[in-house]
file final26.cif (mmCIF, C-alpha atoms)
data_coords
loop_
_atom_site.label_atom_id
_atom_site.label_comp_id
_atom_site.auth_asym_id
_atom_site.auth_seq_id
_atom_site.Cartn_x
_atom_site.Cartn_y
_atom_site.Cartn_z
CA MET A 2 -33.60 -64.19 -4.41
CA SER A 3 -33.70 -60.55 -3.39
CA SER A 4 -37.29 -59.61 -2.63
CA ILE A 5 -39.56 -56.96 -1.22
CA ASP A 6 -41.74 -58.27 1.61
CA ILE A 7 -45.42 -57.68 0.91
CA TYR A 8 -46.61 -60.51 3.16
CA GLY A 9 -46.88 -58.21 6.17
CA ARG A 10 -49.30 -56.04 4.17
CA LEU A 11 -51.27 -59.15 3.16
CA ARG A 12 -51.59 -60.28 6.79
CA GLU A 13 -52.53 -56.77 7.84
CA HIS A 14 -55.42 -56.84 5.33
CA SER A 15 -56.40 -60.48 6.04
CA GLY A 16 -55.20 -61.63 2.64
CA THR A 17 -57.56 -59.38 0.72
CA SER A 18 -56.68 -57.55 -2.47
CA LEU A 19 -55.96 -54.42 -0.39
CA GLY A 20 -52.82 -56.12 0.87
CA LEU A 21 -51.62 -56.32 -2.72
CA GLY A 22 -52.36 -52.66 -3.27
CA ILE A 23 -55.38 -53.51 -5.42
CA PRO A 24 -58.34 -51.33 -4.50
CA ASP A 25 -61.11 -53.95 -4.42
CA ASP A 26 -61.90 -57.60 -4.96
CA GLU A 27 -63.62 -56.98 -8.30
CA THR A 28 -60.40 -55.49 -9.70
CA HIS A 29 -58.46 -58.47 -8.30
CA GLN A 30 -60.88 -60.87 -10.02
CA ASP A 31 -60.44 -58.94 -13.30
CA ARG A 32 -56.68 -59.45 -12.99
CA LEU A 33 -57.11 -63.21 -12.46
CA ALA A 34 -59.67 -63.52 -15.27
CA LEU A 35 -57.29 -61.82 -17.71
CA ALA A 36 -54.52 -64.33 -16.98
CA ALA A 37 -56.98 -67.24 -17.19
CA ARG A 38 -58.25 -66.08 -20.60
CA GLN A 39 -54.67 -65.92 -21.87
CA LEU A 40 -53.86 -69.40 -20.57
CA ARG A 41 -57.09 -70.89 -21.94
CA ALA A 42 -56.62 -69.27 -25.37
CA HIS A 43 -53.20 -70.91 -25.65
CA LYS A 44 -54.47 -74.27 -24.39
CA ALA A 45 -52.56 -74.54 -21.12
CA GLU A 46 -53.34 -77.92 -19.56
CA ARG A 47 -50.88 -78.38 -16.68
CA LEU A 48 -50.36 -75.21 -14.62
CA LEU A 49 -47.88 -74.37 -11.88
CA ASP A 50 -49.07 -71.28 -9.98
CA VAL A 51 -45.99 -69.73 -8.34
CA GLY A 52 -46.76 -67.45 -5.41
CA CYS A 53 -50.31 -68.80 -5.42
CA GLY A 54 -51.28 -67.10 -2.16
CA TYR A 55 -54.77 -68.28 -1.29
CA GLY A 56 -55.21 -70.09 -4.61
CA ASP A 57 -57.54 -67.49 -6.13
CA LEU A 58 -56.33 -68.21 -9.69
CA ARG A 59 -57.49 -71.84 -9.38
CA LEU A 60 -61.14 -70.81 -9.59
CA HIS A 61 -60.44 -69.24 -12.99
CA VAL A 62 -58.45 -72.15 -14.49
CA LEU A 63 -60.61 -75.18 -13.77
CA HIS A 64 -59.70 -76.49 -17.24
CA CYS A 65 -56.10 -77.16 -16.05
CA ARG A 66 -54.42 -79.67 -13.83
CA TYR A 67 -53.09 -77.34 -11.15
CA LEU A 68 -50.44 -77.10 -8.45
CA GLY A 69 -50.12 -73.94 -6.37
CA ILE A 70 -46.89 -73.18 -4.53
CA ASP A 71 -46.12 -70.42 -2.07
CA ALA A 72 -43.25 -69.86 0.36
CA HIS A 73 -45.53 -69.09 3.31
CA ASP A 74 -47.27 -71.79 5.35
CA TRP A 75 -50.07 -69.49 6.48
CA MET A 76 -50.94 -68.69 2.84
CA ILE A 77 -51.01 -72.37 1.87
CA ASP A 78 -53.03 -73.28 4.99
CA GLU A 79 -55.66 -70.73 4.00
CA ALA A 80 -55.61 -71.92 0.36
CA ARG A 81 -56.19 -75.51 1.50
CA SER A 82 -59.07 -74.47 3.75
CA ARG A 83 -60.70 -72.54 0.88
CA LEU A 84 -60.02 -75.19 -1.81
CA PRO A 85 -59.61 -78.55 -0.02
CA THR A 86 -59.50 -80.68 -3.20
CA THR A 87 -56.78 -78.59 -4.87
CA ARG A 88 -53.08 -79.41 -4.63
CA PHE A 89 -50.93 -76.85 -2.81
CA LYS A 90 -47.38 -77.03 -1.52
CA THR A 91 -45.34 -74.78 0.76
CA VAL A 92 -42.02 -74.28 -1.01
CA ARG A 93 -39.86 -71.41 -2.24
CA LEU A 94 -39.45 -71.18 -6.01
CA GLU A 95 -35.66 -71.58 -5.65
CA ASP A 96 -36.20 -74.89 -3.84
CA PHE A 97 -38.83 -76.31 -6.20
CA PRO A 98 -37.30 -78.87 -8.60
CA ALA A 99 -37.57 -77.69 -12.20
CA ASP A 100 -39.18 -80.27 -14.46
CA PRO A 101 -40.55 -78.68 -17.66
CA ALA A 102 -42.16 -81.99 -18.68
CA ARG A 103 -44.42 -81.77 -15.62
CA PHE A 104 -46.04 -78.41 -16.51
CA ASP A 105 -46.76 -76.76 -19.84
CA ALA A 106 -47.50 -73.40 -18.21
CA VAL A 107 -46.41 -71.41 -15.19
CA ALA A 108 -48.23 -68.41 -13.77
CA ALA A 109 -46.57 -65.85 -11.54
CA LEU A 110 -49.18 -63.20 -10.85
CA GLY A 111 -48.03 -60.46 -8.52
CA VAL A 112 -44.75 -62.26 -7.84
CA LEU A 113 -42.54 -59.80 -9.70
CA GLN A 114 -43.76 -56.96 -7.44
CA THR A 115 -41.70 -58.61 -4.70
CA VAL A 116 -38.56 -58.94 -6.82
CA ARG A 117 -35.95 -56.20 -6.77
CA PRO A 118 -34.89 -55.05 -10.25
CA ALA A 119 -31.38 -56.50 -9.77
CA ALA A 120 -32.87 -59.98 -9.32
CA LEU A 121 -35.39 -59.80 -12.18
CA ALA A 122 -33.34 -61.65 -14.82
CA ALA A 123 -32.53 -64.55 -12.49
CA THR A 124 -36.16 -64.79 -11.35
CA MET A 125 -37.48 -64.82 -14.92
CA ASP A 126 -35.00 -67.58 -15.86
CA LEU A 127 -36.03 -69.60 -12.81
CA LEU A 128 -39.71 -69.22 -13.70
CA ALA A 129 -39.09 -70.16 -17.35
CA ARG A 130 -37.34 -73.40 -16.33
CA GLN A 131 -40.52 -74.63 -14.61
CA ALA A 132 -42.65 -75.26 -17.73
CA SER A 133 -42.35 -76.33 -21.34
CA ARG A 134 -44.41 -73.71 -23.24
CA LEU A 135 -46.00 -70.75 -21.48
CA LEU A 136 -45.10 -68.22 -18.79
CA CYS A 137 -47.83 -65.85 -17.60
CA VAL A 138 -46.54 -62.98 -15.47
CA SER A 139 -48.18 -59.86 -14.12
CA PHE A 140 -46.18 -56.92 -12.89
CA VAL A 141 -46.32 -53.23 -12.21
CA PRO A 142 -44.98 -51.41 -15.26
CA SER A 143 -42.27 -48.87 -14.47
CA ASP A 144 -44.38 -46.06 -15.88
CA GLY A 145 -47.62 -46.82 -14.11
CA GLY A 146 -49.96 -47.46 -11.26
CA TYR A 147 -48.97 -48.08 -7.70
CA ALA A 148 -45.30 -48.66 -8.47
CA GLY A 149 -44.17 -46.53 -5.53
CA ARG A 150 -45.06 -49.29 -3.05
CA PHE A 151 -43.75 -52.28 -4.98
CA ALA A 152 -40.99 -53.13 -7.42
CA ALA A 153 -41.73 -51.87 -10.92
CA HIS A 154 -40.26 -53.39 -14.06
CA ASP A 155 -39.85 -52.50 -17.70
CA ARG A 156 -41.86 -54.64 -20.16
CA GLN A 157 -38.78 -55.42 -22.30
CA GLU A 158 -36.76 -56.47 -19.25
CA VAL A 159 -39.53 -58.83 -18.17
CA ALA A 160 -39.95 -60.37 -21.64
CA ARG A 161 -36.14 -60.62 -22.05
CA GLY A 162 -36.31 -61.47 -25.75
CA ARG A 163 -39.09 -64.04 -25.35
CA ARG A 164 -41.99 -63.79 -27.78
CA VAL A 165 -45.06 -62.11 -26.28
CA LEU A 166 -48.11 -64.20 -27.23
CA ASP A 167 -50.68 -62.04 -25.46
CA GLN A 168 -50.84 -59.04 -23.16
CA GLY A 169 -53.39 -57.06 -21.22
CA GLU A 170 -53.78 -54.71 -18.29
CA ALA A 171 -55.86 -55.00 -15.15
CA ALA A 172 -55.54 -53.59 -11.64
CA GLY A 173 -52.63 -51.35 -12.65
CA GLU A 174 -50.61 -54.38 -13.69
CA LEU A 175 -49.47 -55.51 -17.11
CA THR A 176 -49.97 -59.23 -17.77
CA LEU A 177 -47.81 -60.90 -20.40
CA LEU A 178 -48.12 -64.41 -21.76
CA LEU A 179 -44.65 -65.40 -22.99
CA ASP A 180 -43.51 -68.24 -25.23
CA ILE A 181 -40.83 -70.19 -23.34
CA SER A 182 -40.68 -73.17 -25.71
CA ARG A 183 -37.24 -74.64 -25.98
#
call {"tool": "encode", "arguments": {"input": "final26.cif", "output": "C-alpha cells"}}
result
Amino acid sequence: MSSIDIYGRLREHSGTSLGLGIPDDETHQDRLALAARQLRAHKAERLLDVGCGYGDLRLHVLHCRYLGIDAHDWMIDEARSRLPTTRFKTVRLEDFPADPARFDAVAALGVLQTVRPAALAATMDLLARQASRLLCVSFVPSDGGYAGRFAAHDRQEVARGRRVLDQGEAAGELTLLLDISR
C-alpha cells in the first residue's frame, strides 16, 4: 500500500491531535463522536478499528465488541496502557485476514490521509472486505481543510458507488458511513 507517513508527526506531538493536524483535543473528540453516532444509529455491534492509534475511538463505542489494529507497535503499546481491558493487535491492514463474518462494521478514521490517491481504490476494497455491513471512513476532502499536509480525496472516489448511509464533518474531515453489504 502506498502511503504518506504521518507517524513521525504523531511521535513529535506525543500522539496528540496536533500530530494529525487537528488543532485541539476537543475537535478530535468531536470527530470521534461523529463516527460513533453514525455507527450506533446503524446498530454496529462488532467493530474493527483500522489504524486505531491509541484506541481513542473505543471510548465512544462502548456498545460494540471491539478490536483495534495498527501497524505500529508503539501506538498499540500506548493503546494497551491506556485501555488495558480492550483488545488491540499490531498488524498491517494488508496482513490482517479478512473475515466479514467476524465484524459487521469497520472504522478507518484518519487512515485515508496516509493513502496516496493512486492507492485509494485498493485500500477501500481492502477495508470493505473486513466487515459484513458498514464502513465508516473519515478523510480530508479535496476541496477543504488541511489537505496540503495530507492526502486529500474526492467524496465520490471514496464512496466508489457504495450507498452513503450517513455523513458529517468534523475537524476538517468528512466522515462517511457506507453500506458494504454483499
call {"tool": "closest_atom_pairs", "arguments": {"input": "final26.cif", "of": "segment 90-175 of chain A", "to": "segment 47-60 of chain A", "cutoff": "6 Å", "atoms": "all atoms listed in the file", "output": "JSON lines"}}
result
{"residue": "A:Phe104", "atom": "CA", "partner": "A:Arg47", "partner_atom": "CA", "distance": 4.8}
{"residue": "A:Asp105", "atom": "CA", "partner": "A:Arg47", "partner_atom": "CA", "distance": 5.4}
{"residue": "A:Ala106", "atom": "CA", "partner": "A:Leu48", "partner_atom": "CA", "distance": 4.9}
{"residue": "A:Val107", "atom": "CA", "partner": "A:Leu49", "partner_atom": "CA", "distance": 4.7}
{"residue": "A:Ala108", "atom": "CA", "partner": "A:Asp50", "partner_atom": "CA", "distance": 4.8}
{"residue": "A:Ala109", "atom": "CA", "partner": "A:Val51", "partner_atom": "CA", "distance": 5.1}
call {"tool": "residues_around", "arguments": {"input": "final26.cif", "residues": "segment 173-182 of chain A", "least_positions_apart": "2", "cutoff": "6 Å", "atoms": "all atoms listed in the file", "output": "ChimeraX atom specification"}}
result
/A:133-141,146,164-171
call {"tool": "closest_residue", "arguments": {"input": "final26.cif", "among": "A:Glu95, A:Asp78, A:Glu46, A:Glu158", "to": "Leu128 of chain A", "atoms": "all atoms listed in the file"}}
result
A:Glu95
call {"tool": "resolve_selection", "arguments": {"input": "final26.cif", "expression": "the PyMOL selection byres ((chain A and resi 74) around 12)", "output": "number ranges by chain"}}
result
A: 8, 52-55, 70-73, 75-81, 89-93
call {"tool": "closest_residue", "arguments": {"input": "final26.cif", "among": "A:His154, A:Ala172, A:Asp31, A:His64", "to": "Lys44 of chain A", "atoms": "all atoms listed in the file"}}
result
A:His64
call {"tool": "atom_distance", "arguments": {"input": "final26.cif", "atom1": "atom CA of Ala160 of chain A", "atom2": "atom CA of Leu33 of chain A"}}
result
19.7 Å
call {"tool": "atom_distance", "arguments": {"input": "final26.cif", "atom1": "atom CA of Pro142 of chain A", "atom2": "atom CA of His61 of chain A"}}
result
23.7 Å
call {"tool": "atom_distance", "arguments": {"input": "final26.cif", "atom1": "atom CA of Leu63 of chain A", "atom2": "atom CA of Glu27 of chain A"}}
result
19.2 Å
call {"tool": "resolve_selection", "arguments": {"input": "final26.cif", "expression": "the PyMOL selection byres ((chain A and resi 130) around 9)", "output": "JSON, numbers by chain"}}
result
{"A": [99, 100, 101, 125, 126, 127, 128, 129, 131, 132, 133, 181]}
call {"tool": "write_last_selection", "arguments": {"input": "final26.cif", "atoms": "C-alpha atoms", "output": "short mmCIF file (atom, residue, chain, number, x, y, z; two decimals), keeping the file's coordinate frame"}}
result
data_model
loop_
_atom_site.label_atom_id
_atom_site.label_comp_id
_atom_site.auth_asym_id
_atom_site.auth_seq_id
_atom_site.Cartn_x
_atom_site.Cartn_y
_atom_site.Cartn_z
CA ALA A 99 -37.57 -77.69 -12.20
CA ASP A 100 -39.18 -80.27 -14.46
CA PRO A 101 -40.55 -78.68 -17.66
CA MET A 125 -37.48 -64.82 -14.92
CA ASP A 126 -35.00 -67.58 -15.86
CA LEU A 127 -36.03 -69.60 -12.81
CA LEU A 128 -39.71 -69.22 -13.70
CA ALA A 129 -39.09 -70.16 -17.35
CA GLN A 131 -40.52 -74.63 -14.61
CA ALA A 132 -42.65 -75.26 -17.73
CA SER A 133 -42.35 -76.33 -21.34
CA ILE A 181 -40.83 -70.19 -23.34
#
call {"tool": "build_atoms", "arguments": {"input": "final26.cif", "residues": "segment 52-88 of chain A", "atoms": "N, CA and C atoms", "output": "PDB file, in the frame of the given file"}}
result
ATOM      1  N   GLY A  52     -46.282 -68.551  -6.246  1.00  0.00           N
ATOM      2  CA  GLY A  52     -46.760 -67.450  -5.410  1.00  0.00           C
ATOM      3  C   GLY A  52     -48.269 -67.443  -5.386  1.00  0.00           C
ATOM      4  N   CYS A  53     -48.859 -68.627  -5.255  1.00  0.00           N
ATOM      5  CA  CYS A  53     -50.310 -68.800  -5.420  1.00  0.00           C
ATOM      6  C   CYS A  53     -51.140 -68.110  -4.342  1.00  0.00           C
ATOM      7  N   GLY A  54     -50.506 -67.747  -3.224  1.00  0.00           N
ATOM      8  CA  GLY A  54     -51.280 -67.100  -2.160  1.00  0.00           C
ATOM      9  C   GLY A  54     -52.392 -68.002  -1.678  1.00  0.00           C
ATOM     10  N   TYR A  55     -53.609 -67.517  -1.744  1.00  0.00           N
ATOM     11  CA  TYR A  55     -54.770 -68.280  -1.290  1.00  0.00           C
ATOM     12  C   TYR A  55     -55.382 -69.146  -2.379  1.00  0.00           C
ATOM     13  N   GLY A  56     -54.726 -69.229  -3.537  1.00  0.00           N
ATOM     14  CA  GLY A  56     -55.210 -70.090  -4.610  1.00  0.00           C
ATOM     15  C   GLY A  56     -56.314 -69.478  -5.446  1.00  0.00           C
ATOM     16  N   ASP A  57     -56.443 -68.157  -5.418  1.00  0.00           N
ATOM     17  CA  ASP A  57     -57.540 -67.490  -6.130  1.00  0.00           C
ATOM     18  C   ASP A  57     -57.550 -67.785  -7.627  1.00  0.00           C
ATOM     19  N   LEU A  58     -56.372 -67.940  -8.242  1.00  0.00           N
ATOM     20  CA  LEU A  58     -56.330 -68.210  -9.690  1.00  0.00           C
ATOM     21  C   LEU A  58     -56.993 -69.540 -10.021  1.00  0.00           C
ATOM     22  N   ARG A  59     -56.936 -70.500  -9.114  1.00  0.00           N
ATOM     23  CA  ARG A  59     -57.490 -71.840  -9.380  1.00  0.00           C
ATOM     24  C   ARG A  59     -58.945 -71.772  -9.828  1.00  0.00           C
ATOM     25  N   LEU A  60     -59.721 -70.904  -9.245  1.00  0.00           N
ATOM     26  CA  LEU A  60     -61.140 -70.810  -9.590  1.00  0.00           C
ATOM     27  C   LEU A  60     -61.365 -70.321 -11.012  1.00  0.00           C
ATOM     28  N   HIS A  61     -60.347 -69.752 -11.620  1.00  0.00           N
ATOM     29  CA  HIS A  61     -60.440 -69.240 -12.990  1.00  0.00           C
ATOM     30  C   HIS A  61     -59.829 -70.197 -14.013  1.00  0.00           C
ATOM     31  N   VAL A  62     -59.127 -71.231 -13.556  1.00  0.00           N
ATOM     32  CA  VAL A  62     -58.450 -72.150 -14.490  1.00  0.00           C
ATOM     33  C   VAL A  62     -58.843 -73.607 -14.189  1.00  0.00           C
ATOM     34  N   LEU A  63     -60.135 -73.828 -14.076  1.00  0.00           N
ATOM     35  CA  LEU A  63     -60.610 -75.180 -13.770  1.00  0.00           C
ATOM     36  C   LEU A  63     -60.322 -76.155 -14.903  1.00  0.00           C
ATOM     37  N   HIS A  64     -60.015 -75.647 -16.087  1.00  0.00           N
ATOM     38  CA  HIS A  64     -59.700 -76.490 -17.240  1.00  0.00           C
ATOM     39  C   HIS A  64     -58.318 -77.126 -17.120  1.00  0.00           C
ATOM     40  N   CYS A  65     -57.495 -76.699 -16.187  1.00  0.00           N
ATOM     41  CA  CYS A  65     -56.100 -77.160 -16.050  1.00  0.00           C
ATOM     42  C   CYS A  65     -55.924 -78.108 -14.877  1.00  0.00           C
ATOM     43  N   ARG A  66     -54.968 -79.026 -15.024  1.00  0.00           N
ATOM     44  CA  ARG A  66     -54.420 -79.670 -13.830  1.00  0.00           C
ATOM     45  C   ARG A  66     -53.588 -78.587 -13.160  1.00  0.00           C
ATOM     46  N   TYR A  67     -53.607 -78.519 -11.852  1.00  0.00           N
ATOM     47  CA  TYR A  67     -53.090 -77.340 -11.150  1.00  0.00           C
ATOM     48  C   TYR A  67     -52.285 -77.746  -9.926  1.00  0.00           C
ATOM     49  N   LEU A  68     -51.188 -77.035  -9.710  1.00  0.00           N
ATOM     50  CA  LEU A  68     -50.440 -77.100  -8.450  1.00  0.00           C
ATOM     51  C   LEU A  68     -50.095 -75.672  -8.078  1.00  0.00           C
ATOM     52  N   GLY A  69     -50.464 -75.267  -6.873  1.00  0.00           N
ATOM     53  CA  GLY A  69     -50.120 -73.940  -6.370  1.00  0.00           C
ATOM     54  C   GLY A  69     -49.007 -74.044  -5.361  1.00  0.00           C
ATOM     55  N   ILE A  70     -47.973 -73.204  -5.516  1.00  0.00           N
ATOM     56  CA  ILE A  70     -46.890 -73.180  -4.530  1.00  0.00           C
ATOM     57  C   ILE A  70     -46.731 -71.768  -3.990  1.00  0.00           C
ATOM     58  N   ASP A  71     -46.382 -71.702  -2.708  1.00  0.00           N
ATOM     59  CA  ASP A  71     -46.120 -70.420  -2.070  1.00  0.00           C
ATOM     60  C   ASP A  71     -45.107 -70.686  -0.958  1.00  0.00           C
ATOM     61  N   ALA A  72     -44.302 -69.703  -0.647  1.00  0.00           N
ATOM     62  CA  ALA A  72     -43.250 -69.860   0.360  1.00  0.00           C
ATOM     63  C   ALA A  72     -43.774 -69.762   1.791  1.00  0.00           C
ATOM     64  N   HIS A  73     -45.014 -69.370   1.968  1.00  0.00           N
ATOM     65  CA  HIS A  73     -45.530 -69.090   3.310  1.00  0.00           C
ATOM     66  C   HIS A  73     -46.599 -70.094   3.720  1.00  0.00           C
ATOM     67  N   ASP A  74     -46.327 -70.796   4.826  1.00  0.00           N
ATOM     68  CA  ASP A  74     -47.270 -71.790   5.350  1.00  0.00           C
ATOM     69  C   ASP A  74     -48.663 -71.231   5.558  1.00  0.00           C
ATOM     70  N   TRP A  75     -48.757 -70.048   6.149  1.00  0.00           N
ATOM     71  CA  TRP A  75     -50.070 -69.490   6.480  1.00  0.00           C
ATOM     72  C   TRP A  75     -50.884 -69.208   5.224  1.00  0.00           C
ATOM     73  N   MET A  76     -50.209 -68.889   4.104  1.00  0.00           N
ATOM     74  CA  MET A  76     -50.940 -68.690   2.840  1.00  0.00           C
ATOM     75  C   MET A  76     -51.473 -70.031   2.338  1.00  0.00           C
ATOM     76  N   ILE A  77     -50.616 -71.039   2.352  1.00  0.00           N
ATOM     77  CA  ILE A  77     -51.010 -72.370   1.870  1.00  0.00           C
ATOM     78  C   ILE A  77     -52.091 -72.964   2.771  1.00  0.00           C
ATOM     79  N   ASP A  78     -51.982 -72.781   4.081  1.00  0.00           N
ATOM     80  CA  ASP A  78     -53.030 -73.280   4.990  1.00  0.00           C
ATOM     81  C   ASP A  78     -54.386 -72.679   4.636  1.00  0.00           C
ATOM     82  N   GLU A  79     -54.408 -71.385   4.375  1.00  0.00           N
ATOM     83  CA  GLU A  79     -55.660 -70.730   4.000  1.00  0.00           C
ATOM     84  C   GLU A  79     -56.156 -71.221   2.641  1.00  0.00           C
ATOM     85  N   ALA A  80     -55.224 -71.403   1.682  1.00  0.00           N
ATOM     86  CA  ALA A  80     -55.610 -71.920   0.360  1.00  0.00           C
ATOM     87  C   ALA A  80     -56.244 -73.296   0.495  1.00  0.00           C
ATOM     88  N   ARG A  81     -55.647 -74.153   1.307  1.00  0.00           N
ATOM     89  CA  ARG A  81     -56.190 -75.510   1.500  1.00  0.00           C
ATOM     90  C   ARG A  81     -57.553 -75.479   2.175  1.00  0.00           C
ATOM     91  N   SER A  82     -57.752 -74.530   3.095  1.00  0.00           N
ATOM     92  CA  SER A  82     -59.070 -74.470   3.750  1.00  0.00           C
ATOM     93  C   SER A  82     -60.131 -73.953   2.781  1.00  0.00           C
ATOM     94  N   ARG A  83     -59.748 -73.071   1.860  1.00  0.00           N
ATOM     95  CA  ARG A  83     -60.700 -72.540   0.880  1.00  0.00           C
ATOM     96  C   ARG A  83     -60.968 -73.535  -0.252  1.00  0.00           C
ATOM     97  N   LEU A  84     -59.926 -74.280  -0.659  1.00  0.00           N
ATOM     98  CA  LEU A  84     -60.020 -75.190  -1.810  1.00  0.00           C
ATOM     99  C   LEU A  84     -59.442 -76.555  -1.417  1.00  0.00           C
ATOM    100  N   PRO A  85     -60.167 -77.324  -0.597  1.00  0.00           N
ATOM    101  CA  PRO A  85     -59.610 -78.550  -0.020  1.00  0.00           C
ATOM    102  C   PRO A  85     -59.257 -79.652  -1.024  1.00  0.00           C
ATOM    103  N   THR A  86     -59.811 -79.627  -2.221  1.00  0.00           N
ATOM    104  CA  THR A  86     -59.500 -80.680  -3.200  1.00  0.00           C
ATOM    105  C   THR A  86     -58.391 -80.277  -4.167  1.00  0.00           C
ATOM    106  N   THR A  87     -57.836 -79.090  -3.983  1.00  0.00           N
ATOM    107  CA  THR A  87     -56.780 -78.590  -4.870  1.00  0.00           C
ATOM    108  C   THR A  87     -55.418 -78.859  -4.252  1.00  0.00           C
ATOM    109  N   ARG A  88     -54.432 -79.135  -5.110  1.00  0.00           N
ATOM    110  CA  ARG A  88     -53.080 -79.410  -4.630  1.00  0.00           C
ATOM    111  C   ARG A  88     -52.303 -78.110  -4.408  1.00  0.00           C
TER     112      ARG A  88
END
